[in-house]
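*Asks:* Contents of coords-v7.cif (mmCIF, C-alpha atoms):
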```cif
data_work
#
loop_
_atom_site.label_atom_id
_atom_site.label_comp_id
_atom_site.auth_asym_id
_atom_site.auth_seq_id
_atom_site.Cartn_x
_atom_site.Cartn_y
_atom_site.Cartn_z
CA MET A 8 0.00 0.00 0.00
CA PHE A 9 2.76 2.42 0.94
CA HIS A 10 5.77 3.08 -1.23
CA THR A 11 9.02 3.92 0.43
CA PRO A 12 10.99 6.17 -1.92
CA ASN A 13 14.35 4.85 -3.03
CA LEU A 14 16.75 7.73 -2.63
CA LYS A 15 19.86 7.77 -4.75
CA GLU A 16 21.52 11.11 -4.96
CA HIS A 17 24.09 10.56 -7.67
CA ASP A 18 21.43 9.43 -10.15
CA HIS A 19 19.57 12.69 -9.74
CA ALA A 20 22.76 14.68 -10.18
CA ASN A 21 23.54 13.01 -13.49
CA GLU A 22 20.06 13.44 -14.92
CA LEU A 23 20.55 17.12 -15.77
CA SER A 24 23.10 18.36 -18.25
CA VAL A 25 25.66 20.99 -17.32
CA ILE A 26 23.96 23.74 -19.34
CA THR A 27 20.60 23.08 -17.71
CA ARG A 28 22.15 23.22 -14.28
CA ILE A 29 23.94 26.49 -15.04
CA LEU A 30 20.71 27.99 -16.41
CA CYS A 31 18.85 26.84 -13.30
CA ALA A 32 21.51 28.41 -11.09
CA ILE A 33 21.29 31.70 -13.02
CA ALA A 34 17.49 31.76 -12.81
CA ILE A 35 17.37 30.95 -9.08
CA GLY A 36 20.20 33.37 -8.36
CA THR A 37 18.50 36.22 -10.21
CA LEU A 38 15.23 35.56 -8.43
CA SER A 39 16.85 35.44 -4.99
CA LEU A 40 18.92 38.54 -5.68
CA SER A 41 15.90 40.52 -6.85
CA LEU A 42 13.95 39.40 -3.76
CA ILE A 43 16.78 40.54 -1.48
CA ILE A 44 17.03 43.88 -3.31
CA MET A 45 13.27 44.35 -3.06
CA LEU A 46 13.40 43.63 0.68
CA ILE A 47 16.13 46.24 1.13
CA VAL A 48 14.55 48.87 -1.11
CA THR A 49 10.97 48.65 0.14
CA ASP A 50 9.97 50.55 3.23
CA ASN A 51 8.94 48.32 6.08
CA PRO A 52 5.15 48.49 5.93
CA SER A 53 4.65 46.45 9.08
CA SER A 54 6.25 49.05 11.32
CA VAL A 55 2.82 50.21 12.50
CA LEU A 56 1.81 46.73 13.64
CA PRO A 57 4.04 46.39 16.75
CA ALA A 58 2.73 49.69 18.09
CA LEU A 59 -0.83 48.55 17.38
CA VAL A 60 -0.26 45.27 19.23
CA GLN A 61 1.27 47.07 22.21
CA GLN A 62 -1.69 49.43 22.28
CA GLN A 63 -4.25 46.60 22.34
CA LEU A 64 -2.24 44.32 24.62
CA THR A 65 -4.34 45.07 27.72
CA GLN A 66 -7.43 43.64 26.05
CA SER A 67 -5.76 40.42 24.96
CA GLY A 68 -5.57 38.77 28.39
CA VAL A 69 -1.82 38.04 28.16
CA GLN A 70 1.29 40.17 28.52
CA ASN A 71 3.45 38.57 25.83
CA PRO A 72 2.78 40.26 22.48
CA VAL A 73 3.66 37.09 20.52
CA THR A 74 1.16 35.00 22.45
CA ALA A 75 -1.40 37.79 22.12
CA VAL A 76 -1.03 37.76 18.34
CA LEU A 77 -0.97 33.97 18.05
CA LEU A 78 -3.89 33.16 20.31
CA ASN A 79 -6.05 36.26 20.34
CA PHE A 80 -5.57 38.70 17.46
CA ARG A 81 -4.79 36.09 14.81
CA SER A 82 -6.10 33.00 16.55
CA TYR A 83 -7.77 31.81 13.36
CA ASP A 84 -4.31 31.10 11.91
CA THR A 85 -3.32 29.08 14.96
CA LEU A 86 -6.58 27.14 14.80
CA LEU A 87 -5.83 26.19 11.20
CA GLU A 88 -2.23 25.31 12.12
CA ILE A 89 -3.42 22.82 14.73
CA GLY A 90 -5.85 21.44 12.14
CA VAL A 91 -2.99 20.95 9.67
CA LEU A 92 -0.97 19.13 12.33
CA LEU A 93 -3.92 16.84 12.97
CA ILE A 94 -4.21 16.05 9.25
CA VAL A 95 -0.51 15.14 9.20
CA ALA A 96 -1.07 12.89 12.20
CA VAL A 97 -3.97 11.14 10.48
CA ALA A 98 -1.85 10.63 7.38
CA MET A 99 0.98 9.07 9.42
CA LEU A 100 -1.23 6.99 11.72
CA PRO A 101 -1.37 3.81 9.58
CA ASN A 102 2.39 3.36 9.94
CA SER A 103 2.49 3.67 13.68
CA ASN A 104 0.55 0.62 14.80
CA PHE A 105 3.26 -1.77 13.72
CA ILE A 106 5.90 -2.92 16.12
CA SER A 107 8.65 -0.46 16.68
CA ASN A 108 11.92 -1.31 14.97
CA ILE A 109 13.81 -0.93 18.21
CA ASN A 110 11.63 -3.41 20.05
CA SER A 111 10.95 -5.80 17.21
CA ASP A 112 12.91 -8.60 18.83
CA MET A 113 11.14 -8.30 22.14
CA PRO A 114 8.58 -11.02 22.60
CA GLY A 115 5.55 -10.20 24.64
CA ASN A 116 4.92 -6.68 23.47
CA ASN A 117 1.49 -6.25 22.05
CA PRO A 118 0.98 -3.21 19.86
CA SER A 119 -2.77 -3.52 19.89
CA SER A 120 -3.13 -3.60 23.64
CA GLY A 121 -5.28 -0.48 23.59
CA ARG A 122 -3.11 1.45 26.05
CA LEU A 123 -1.09 4.52 25.18
CA VAL A 124 2.02 3.48 27.10
CA SER A 125 2.94 -0.12 27.67
CA VAL A 126 5.98 -1.40 29.52
CA VAL A 127 8.26 -3.71 27.59
CA THR A 128 8.97 -6.26 30.29
CA ASN A 129 12.12 -7.96 29.04
CA ALA A 130 13.70 -5.03 27.28
CA GLN A 131 17.46 -4.81 26.89
CA VAL A 132 17.93 -1.34 28.26
CA ASN A 133 21.20 0.51 28.48
CA PRO A 134 21.47 1.13 32.26
CA THR A 135 23.32 4.43 31.84
CA LEU A 136 20.69 5.72 29.43
CA GLU A 137 17.88 4.68 31.74
CA ALA A 138 19.53 6.26 34.78
CA VAL A 139 19.99 9.53 32.94
CA LEU A 140 16.45 9.45 31.62
CA ARG A 141 15.04 8.97 35.11
CA TRP A 142 16.40 12.40 35.95
CA LEU A 143 16.04 14.03 32.56
CA VAL A 144 12.45 13.18 31.64
CA PRO A 145 10.79 14.63 34.79
CA MET A 146 12.94 17.73 34.35
CA ILE A 147 11.82 18.12 30.74
CA VAL A 148 8.17 17.68 31.75
CA VAL A 149 8.50 20.35 34.45
CA MET A 150 10.31 22.60 31.98
CA ALA A 151 7.52 22.11 29.45
CA GLY A 152 4.95 23.07 32.06
CA TYR A 153 6.96 26.18 32.93
CA MET A 154 7.31 27.04 29.25
CA LEU A 155 3.55 26.73 28.82
CA TRP A 156 2.76 28.86 31.86
CA THR A 157 5.35 31.53 31.14
CA GLY A 158 4.07 31.91 27.57
CA ALA A 159 1.51 34.37 28.91
CA ALA A 160 4.16 36.90 29.89
CA LEU A 161 7.53 35.82 28.47
CA PRO A 162 8.73 33.92 25.41
CA GLY A 163 7.29 30.43 25.34
CA GLY A 164 3.96 28.86 24.58
CA ALA A 165 2.14 25.82 23.33
CA PHE A 166 4.39 24.92 20.40
CA GLN A 167 7.64 25.15 22.35
CA SER A 168 6.19 23.27 25.29
CA GLY A 169 4.71 20.58 23.07
CA ALA A 170 8.01 20.14 21.27
CA LEU A 171 9.81 19.69 24.60
CA LEU A 172 7.28 17.06 25.70
CA ALA A 173 7.63 15.26 22.38
CA GLY A 174 11.41 15.30 22.80
CA ALA A 175 11.00 13.63 26.18
CA GLY A 176 8.76 11.04 24.52
CA VAL A 177 11.36 10.36 21.82
CA LEU A 178 14.01 9.81 24.51
CA VAL A 179 11.72 7.44 26.41
CA GLN A 180 10.97 5.47 23.27
CA LEU A 181 14.66 5.30 22.37
CA SER A 182 15.45 3.79 25.76
CA GLY A 183 13.29 0.81 24.80
CA ARG A 184 11.65 0.38 28.19
CA LEU A 185 8.32 1.92 27.30
CA GLN A 186 6.36 1.64 24.10
CA PHE A 187 3.69 3.94 22.75
CA CYS A 188 0.60 2.82 20.92
CA PHE A 189 -1.00 5.62 18.94
CA THR A 190 -4.00 3.67 17.75
CA SER A 191 -5.36 3.55 21.29
CA THR A 192 -8.36 5.66 22.21
CA ILE A 193 -6.40 7.83 24.64
CA ALA A 194 -3.84 8.70 21.99
CA LYS A 195 -6.54 9.64 19.51
CA LEU A 196 -8.23 11.77 22.15
CA LEU A 197 -4.94 13.48 23.05
CA ALA A 198 -4.17 14.18 19.39
CA THR A 199 -7.54 15.78 18.75
CA ILE A 200 -8.13 17.55 22.06
CA GLY A 201 -6.28 20.68 20.93
CA LEU A 202 -8.50 21.22 17.92
CA ILE A 203 -11.62 20.24 19.88
CA ALA A 204 -10.89 22.66 22.73
CA PHE A 205 -10.00 25.44 20.32
CA MET A 206 -13.20 25.01 18.32
CA VAL A 207 -15.38 24.69 21.44
CA VAL A 208 -13.94 27.94 22.77
CA ALA A 209 -14.22 29.60 19.35
CA VAL A 210 -17.90 28.74 19.03
CA GLY A 211 -18.61 29.11 22.75
CA VAL A 212 -17.60 32.78 22.87
CA ALA A 213 -19.72 33.61 19.84
CA PRO A 214 -23.02 34.14 21.76
CA THR A 215 -21.45 36.62 24.21
CA THR A 216 -19.33 38.66 21.84
CA GLY A 217 -21.17 38.01 18.58
CA VAL A 218 -18.06 37.02 16.65
CA ILE A 219 -16.38 33.63 16.49
CA LEU A 220 -12.98 33.55 18.23
CA GLN A 221 -13.42 36.97 19.81
CA TYR A 222 -13.00 36.32 23.52
CA PRO A 223 -14.64 38.50 26.16
CA THR A 224 -11.90 40.70 27.65
CA GLU A 225 -12.23 39.54 31.24
CA LEU A 226 -12.19 35.83 30.26
CA ALA A 227 -9.46 36.07 27.60
CA GLY A 228 -6.58 35.01 29.87
CA PRO A 229 -8.16 31.78 31.22
CA LEU A 230 -9.54 30.86 27.80
CA ILE A 231 -6.12 31.29 26.16
CA LEU A 232 -4.54 29.17 28.89
CA LEU A 233 -7.16 26.46 28.35
CA ILE A 234 -6.52 26.43 24.61
CA GLU A 235 -2.77 26.35 25.16
CA ILE A 236 -2.90 23.40 27.57
CA ALA A 237 -5.01 21.39 25.13
CA ALA A 238 -2.85 22.43 22.19
CA THR A 239 0.33 21.45 24.03
CA LEU A 240 -1.00 17.94 24.66
CA SER A 241 -2.05 17.61 21.03
CA ILE A 242 1.21 18.95 19.59
CA ALA A 243 3.30 16.69 21.81
CA THR A 244 1.22 13.64 20.87
CA ILE A 245 1.30 14.41 17.16
CA LEU A 246 5.04 15.10 17.03
CA LEU A 247 5.73 11.90 18.96
CA LEU A 248 3.40 10.02 16.62
CA LEU A 249 5.43 11.29 13.66
CA TYR A 250 8.65 10.00 15.20
CA ASN A 251 7.01 6.76 16.24
CA SER A 252 5.64 6.05 12.78
CA LEU A 253 8.97 6.86 11.11
CA ALA A 254 10.94 4.70 13.52
CA THR A 255 8.75 1.64 12.97
CA GLN A 256 9.46 -1.21 10.65
CA ILE A 257 7.33 -1.15 7.54
CA PRO A 258 6.01 -4.69 7.05
CA GLU A 259 5.20 -4.10 3.37
CA MET A 260 8.93 -4.34 2.70
CA SER A 261 9.05 -7.80 4.20
CA PRO A 262 6.87 -10.42 2.53
CA LYS A 263 6.34 -12.80 5.43
CA PRO A 264 4.63 -10.53 7.97
CA LEU A 265 2.50 -9.05 5.21
CA ALA A 266 1.22 -12.46 4.22
CA SER A 267 0.53 -13.64 7.73
CA ASN A 268 -0.55 -10.17 8.88
CA LYS A 269 -0.13 -11.14 12.51
CA GLN A 270 2.61 -8.95 13.90
CA PRO A 271 3.02 -10.27 17.47
CA SER A 272 3.19 -13.91 16.51
CA ALA A 273 5.50 -13.19 13.58
CA SER A 274 7.93 -11.26 15.73
CA ASN A 275 7.82 -13.93 18.39
CA LYS A 276 8.84 -16.63 15.99
CA GLN A 277 11.58 -14.91 14.07
CA PRO A 278 14.21 -13.91 16.66
CA PRO A 279 14.91 -17.49 17.80
CA ALA A 280 15.30 -18.48 14.15
CA GLN A 281 17.88 -15.72 13.69
CA GLU A 282 19.82 -16.49 16.80
CA MET B 15 29.83 47.32 19.35
CA SER B 16 32.65 45.71 17.42
CA PHE B 17 32.26 42.49 19.42
CA SER B 18 28.58 42.13 18.48
CA VAL B 19 29.47 42.84 14.85
CA PHE B 20 32.08 40.09 15.07
CA ILE B 21 29.52 37.64 16.53
CA ASP B 22 26.96 38.53 13.88
CA GLY B 23 29.53 38.19 11.11
CA CYS B 24 30.54 34.77 12.38
CA LEU B 25 26.86 33.77 12.49
CA VAL B 26 26.21 34.91 8.92
CA ILE B 27 29.31 33.18 7.57
CA GLY B 28 28.59 30.04 9.59
CA ILE B 29 24.96 29.81 8.51
CA LEU B 30 25.78 30.32 4.84
CA THR B 31 28.67 27.83 4.97
CA LEU B 32 26.55 25.21 6.75
CA ALA B 33 23.69 25.70 4.28
CA CYS B 34 26.00 25.30 1.28
CA LEU B 35 27.70 22.24 2.79
CA CYS B 36 24.34 20.72 3.69
CA LEU B 37 23.17 21.02 0.08
CA ALA B 38 26.45 20.02 -1.50
CA THR B 39 27.30 16.92 0.50
CA LYS B 40 26.80 13.53 -1.12
CA HIS B 41 26.06 11.56 2.03
CA LEU B 42 22.61 11.74 3.54
CA PHE B 43 23.84 11.25 7.09
CA THR B 44 26.32 14.12 6.80
CA ALA B 45 23.58 16.28 5.34
CA ILE B 46 21.30 15.51 8.30
CA VAL B 47 23.99 16.35 10.85
CA LEU B 48 24.77 19.58 8.97
CA PHE B 49 21.06 20.42 8.88
CA VAL B 50 20.76 20.01 12.65
CA SER B 51 23.80 22.22 13.23
CA LEU B 52 22.34 24.75 10.80
CA GLY B 53 19.14 24.75 12.88
CA LEU B 54 21.12 25.51 16.04
CA MET B 55 23.00 28.36 14.32
CA VAL B 56 19.70 29.80 13.06
CA ALA B 57 18.34 29.58 16.61
CA ILE B 58 21.27 31.71 17.82
CA ALA B 59 20.61 34.09 14.94
CA TRP B 60 16.98 34.47 16.06
CA VAL B 61 18.21 35.36 19.54
CA ARG B 62 20.51 37.99 18.06
CA LEU B 63 17.56 39.35 16.06
CA GLY B 64 15.53 39.73 19.25
CA ALA B 65 13.01 36.94 18.65
CA PRO B 66 13.45 34.50 21.55
CA ASP B 67 10.09 32.80 20.84
CA LEU B 68 11.30 31.76 17.43
CA ALA B 69 14.68 30.77 18.84
CA ILE B 70 13.12 28.34 21.32
CA ALA B 71 10.84 26.89 18.64
CA GLU B 72 13.70 26.58 16.15
CA ALA B 73 15.98 24.87 18.65
CA ALA B 74 13.29 22.46 19.85
CA ILE B 75 11.47 21.68 16.60
CA GLY B 76 13.88 22.70 13.84
CA ALA B 77 17.04 21.24 15.31
CA GLY B 78 15.85 18.61 17.77
CA LEU B 79 12.72 16.92 16.53
CA THR B 80 13.33 17.38 12.82
CA GLY B 81 16.75 15.86 13.33
CA ALA B 82 15.20 12.86 15.04
CA LEU B 83 12.61 12.50 12.27
CA LEU B 84 15.26 12.78 9.55
CA LEU B 85 17.49 10.22 11.25
CA ALA B 86 14.56 7.81 11.59
CA THR B 87 13.79 8.27 7.90
CA TRP B 88 17.45 7.84 7.01
CA ARG B 89 17.52 4.54 8.87
CA GLN B 90 14.48 3.29 6.97
CA LEU B 91 16.04 4.37 3.68
CA SER B 92 19.37 2.74 4.46
CA THR B 93 17.80 -0.57 5.46
CA GLU B 94 15.49 -0.70 2.47
CA PRO B 95 17.96 -1.70 -0.32
CA ALA B 96 19.15 -4.62 1.82
CA ASN B 97 15.54 -5.70 2.17
CA ASN B 98 15.06 -5.66 -1.55
CA ASP B 99 18.24 -7.52 -2.31
CA ALA B 100 17.91 -10.34 0.14
CA ASP B 101 14.87 -12.49 0.58
CA THR B 102 15.21 -12.53 4.34
CA ALA B 103 13.77 -9.12 4.90
CA ASN B 104 13.67 -9.31 8.66
CA LYS B 105 17.30 -10.21 8.89
CA SER B 106 18.44 -6.74 7.95
CA GLY B 107 15.89 -5.27 10.29
CA ASP B 108 17.15 -7.37 13.20
CA GLU B 109 20.77 -6.67 12.39
CA ASN B 110 20.06 -3.05 12.90
CA VAL B 111 18.86 -3.52 16.43
CA PRO B 112 22.07 -3.97 18.44
CA HIS B 113 24.08 -1.23 16.74
CA PRO B 114 22.34 2.02 17.68
#
```
Could you quickly redo this structure as structure tokens?
*Replies:*
Amino acid sequence: MFHTPNLKEHDHANELSVITRILCAIAIGTLSLSLIIMLIVTDNPSSVLPALVQQQLTQSGVQNPVTAVLLNFRSYDTLLEIGVLLIVAVAMLPNSNFISNINSDMPGNNPSSGRLVSVVTNAQVNPTLEAVLRWLVPMIVVMAGYMLWTGAALPGGAFQSGALLAGAGVLVQLSGRLQFCFTSTIAKLLATIGLIAFMVVAVGVAPTTGVILQYPTELAGPLILLIEIAATLSIATILLLLYNSLATQIPEMSPKPLASNKQPSASNKQPPAQE
Amino acid sequence: MSFSVFIDGCLVIGILTLACLCLATKHLFTAIVLFVSLGLMVAIAWVRLGAPDLAIAEAAIGAGLTGALLLATWRQLSTEPANNDADTANKSGDENVPHP
């Protein structure tokens, strides 16, 4: 069903003749140069916007102008961004329910157990890595929470915090002790909760203010925090799902598991045959 | 004043050099490592430009997570020709396990 692209760089380099490549370089160079010149020559038309944002900042519910723009003044863009992320997650989801490449020789792990996190009981874990992770992962989680909270006043916010959480998840998965299953109900809920919360808030404020996504001034701060918490969970889940689905073994490449189509039993049988 | 100009000049030269090397290199793994280092340099550049929000996002997503995603993809790409050549497809997959 899925095609993995076969990447060979030298073939692509030899496809084009020298003249074509020189012409391409001239065309791209001219375009880039003219863009740079236009950027230098043109007056900066957006110079009124920072002053405008600063002027309206008291109504936004937060003190950080970036967060105010992202989640209040131009929150429609952020809503669509989270929607795009969710579409990417849906596109990558079919890959992620196969056994992870790292843990493929571990018998007893069941990818369809229906739980988000399952412990791999007989994992061969690097003790140094695990000891470091025991300290590092809680610290990253606390840091992500701080990043989320401080986004109201200082640099930070949902995307940064979600990326930190996803990084912690990647480290945990690399250690091999825990395994994530993104086809479970909790994972699906976590991946969609950002968009759901955002849309509920967007529609929910419409009766009071008359316009979708225009928060009432006194409730703007708590509503933005609510959206950011939900968005952080979703972003972390989706980014981790992307890594998880890329780090898994694709069974279409291997004929035997595709024919039998029973991943746990197939992986249980094969390692003894190899060793 | 002159020190900040020196730092900015080093950043500009470093970013441009890393970008050119990243595009010009023949090996995918080298290109990925160069791309991650380019992301970190760009993050410092965002700090110098006074945009710490973007710097945090660039360092976390652009350098960290994208690097992890690219390396995972690279591993799939590098195991795939072995799968096609040999009939025992899982052998190459299992050989990969102890090394990383």
*Asks:* Measuring atom to atom with all atoms listed in the file, identify which of A:Val207, A:Leu232, A:Cys188, A:Ala243 is nearest to Ser125 in chain A.
*Replies:*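 Among the listed residues, the smallest separation from Ser125 in chain A belongs to A:Cys188.
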*Asks:* Could you tell me which residues the PyMOL selection byres ((chain B and resi 54) around 9) grabs in this file, written as an MDAnalysis selection string?
*Replies:* chainID B and resid 49:53 55:59 69 72:73 76:78
*Asks:* Which residue out of A:Thr37, A:Thr239, A:Gln66, A:Thr74 has the minimum interatomic distance to Leu68 in chain B when only C-alpha atoms are used?
*Replies:*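 Closest to Leu68 in chain B of all the choices is A:Thr74.
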*Asks:* Work out how far apart CA of Pro229 in chain A and CA of Gly68 in chain A are and give it in Å to one decimal.
*Replies:* 8.0 Å
*Asks:* Take the PyMOL selection byres ((chain A and resi 167-171) around 10), apply it to the structure above, and return the hits as an NGL selection string.
*Replies:* (:A and (144 or 147-156 or 158 or 162-166 or 172-177 or 235-247)) or (:B and (67-76 or 78-79))
*Asks:* Under the PyMOL selection byres ((chain A and resi 76-88) around 10), which residues of this model are included? Write them out as a PyMOL selection string.
*Replies:* chain A and resi 60+63-64+66-69+71-75+89-94+164-165+201-203+205-206+209+219-222+227-228+230-232+234-235+238
*Asks:* Name the closest residue to chain B among the candidates A:Ala213, A:Ala34, A:Leu46, A:Ala159; distances are taken between atoms, counting all atoms listed in the file.
*Replies:*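 Of A:Ala213, A:Ala34, A:Leu46, A:Ala159, the one nearest chain B is A:Ala159, counting all atoms listed in the file.
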*Asks:* Hey, which of A:Asn133, A:Thr157, A:Ser24, A:Asn251 ends up closest to Thr87 in chain B? Count only C-alpha atoms.
*Replies:* A:Asn251
*Asks:* What does the structure give for the distance between CA of Thr128 in chain A and CA of Arg184 in chain A, in Å to one decimal?
*Replies:*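 CA of Thr128 in chain A sits 7.5 Å away from CA of Arg184 in chain A.
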*Asks:* For chain A, which residue out of B:Ala33, B:Leu25, B:Ala38, B:Val47 is the nearest one, using all atoms listed in the file?
*Replies:*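 The shortest atom-to-atom distance to chain A comes from B:Ala38.
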*Asks:* Please compute the CA of Leu48 in chain B-CA of Cys36 in chain B distance, one decimal, in Å.
*Replies:*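 Distance between the two atoms: 5.4 Å.
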*Asks:* Select, from B:Leu32, B:Leu63, B:Cys24, B:Leu91, the residue with the minimum atom-to-atom distance to Thr44 in chain B, counting only C-alpha atoms.
*Replies:*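 For Thr44 in chain B, the nearest of the candidates is B:Leu32.
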*Asks:* Enclose all atoms of range 236-243 of chain A listed in the file in an axis-aligned box, grow every side by 5 Å, and hand back centre and edge lengths in Å to one decimal, as AutoDock Vina command-line options.
*Replies:*
```
--center_x -0.9 --center_y 20.0 --center_z 23.6 --size_x 18.3 --size_y 16.7 --size_z 18.0
```
*Asks:* Extract range 48-64 of chain A from the structure I just pasted (atoms: C-alpha atoms) and return it as an mmCIF file, in the first residue's frame.
*Replies:*
```
data_model
loop_
_atom_site.group_PDB
_atom_site.id
_atom_site.type_symbol
_atom_site.label_atom_id
_atom_site.label_comp_id
_atom_site.auth_asym_id
_atom_site.auth_seq_id
_atom_site.Cartn_x
_atom_site.Cartn_y
_atom_site.Cartn_z
ATOM 1 C CA VAL A 48 14.549 48.875 -1.111
ATOM 2 C CA THR A 49 10.965 48.653 0.138
ATOM 3 C CA ASP A 50 9.965 50.549 3.228
ATOM 4 C CA ASN A 51 8.936 48.316 6.083
ATOM 5 C CA PRO A 52 5.146 48.491 5.933
ATOM 6 C CA SER A 53 4.652 46.446 9.079
ATOM 7 C CA SER A 54 6.254 49.045 11.324
ATOM 8 C CA VAL A 55 2.822 50.212 12.502
ATOM 9 C CA LEU A 56 1.808 46.732 13.644
ATOM 10 C CA PRO A 57 4.043 46.393 16.755
ATOM 11 C CA ALA A 58 2.726 49.691 18.086
ATOM 12 C CA LEU A 59 -0.829 48.551 17.383
ATOM 13 C CA VAL A 60 -0.258 45.272 19.230
ATOM 14 C CA GLN A 61 1.271 47.065 22.211
ATOM 15 C CA GLN A 62 -1.695 49.429 22.275
ATOM 16 C CA GLN A 63 -4.253 46.604 22.344
ATOM 17 C CA LEU A 64 -2.244 44.316 24.621
#
```
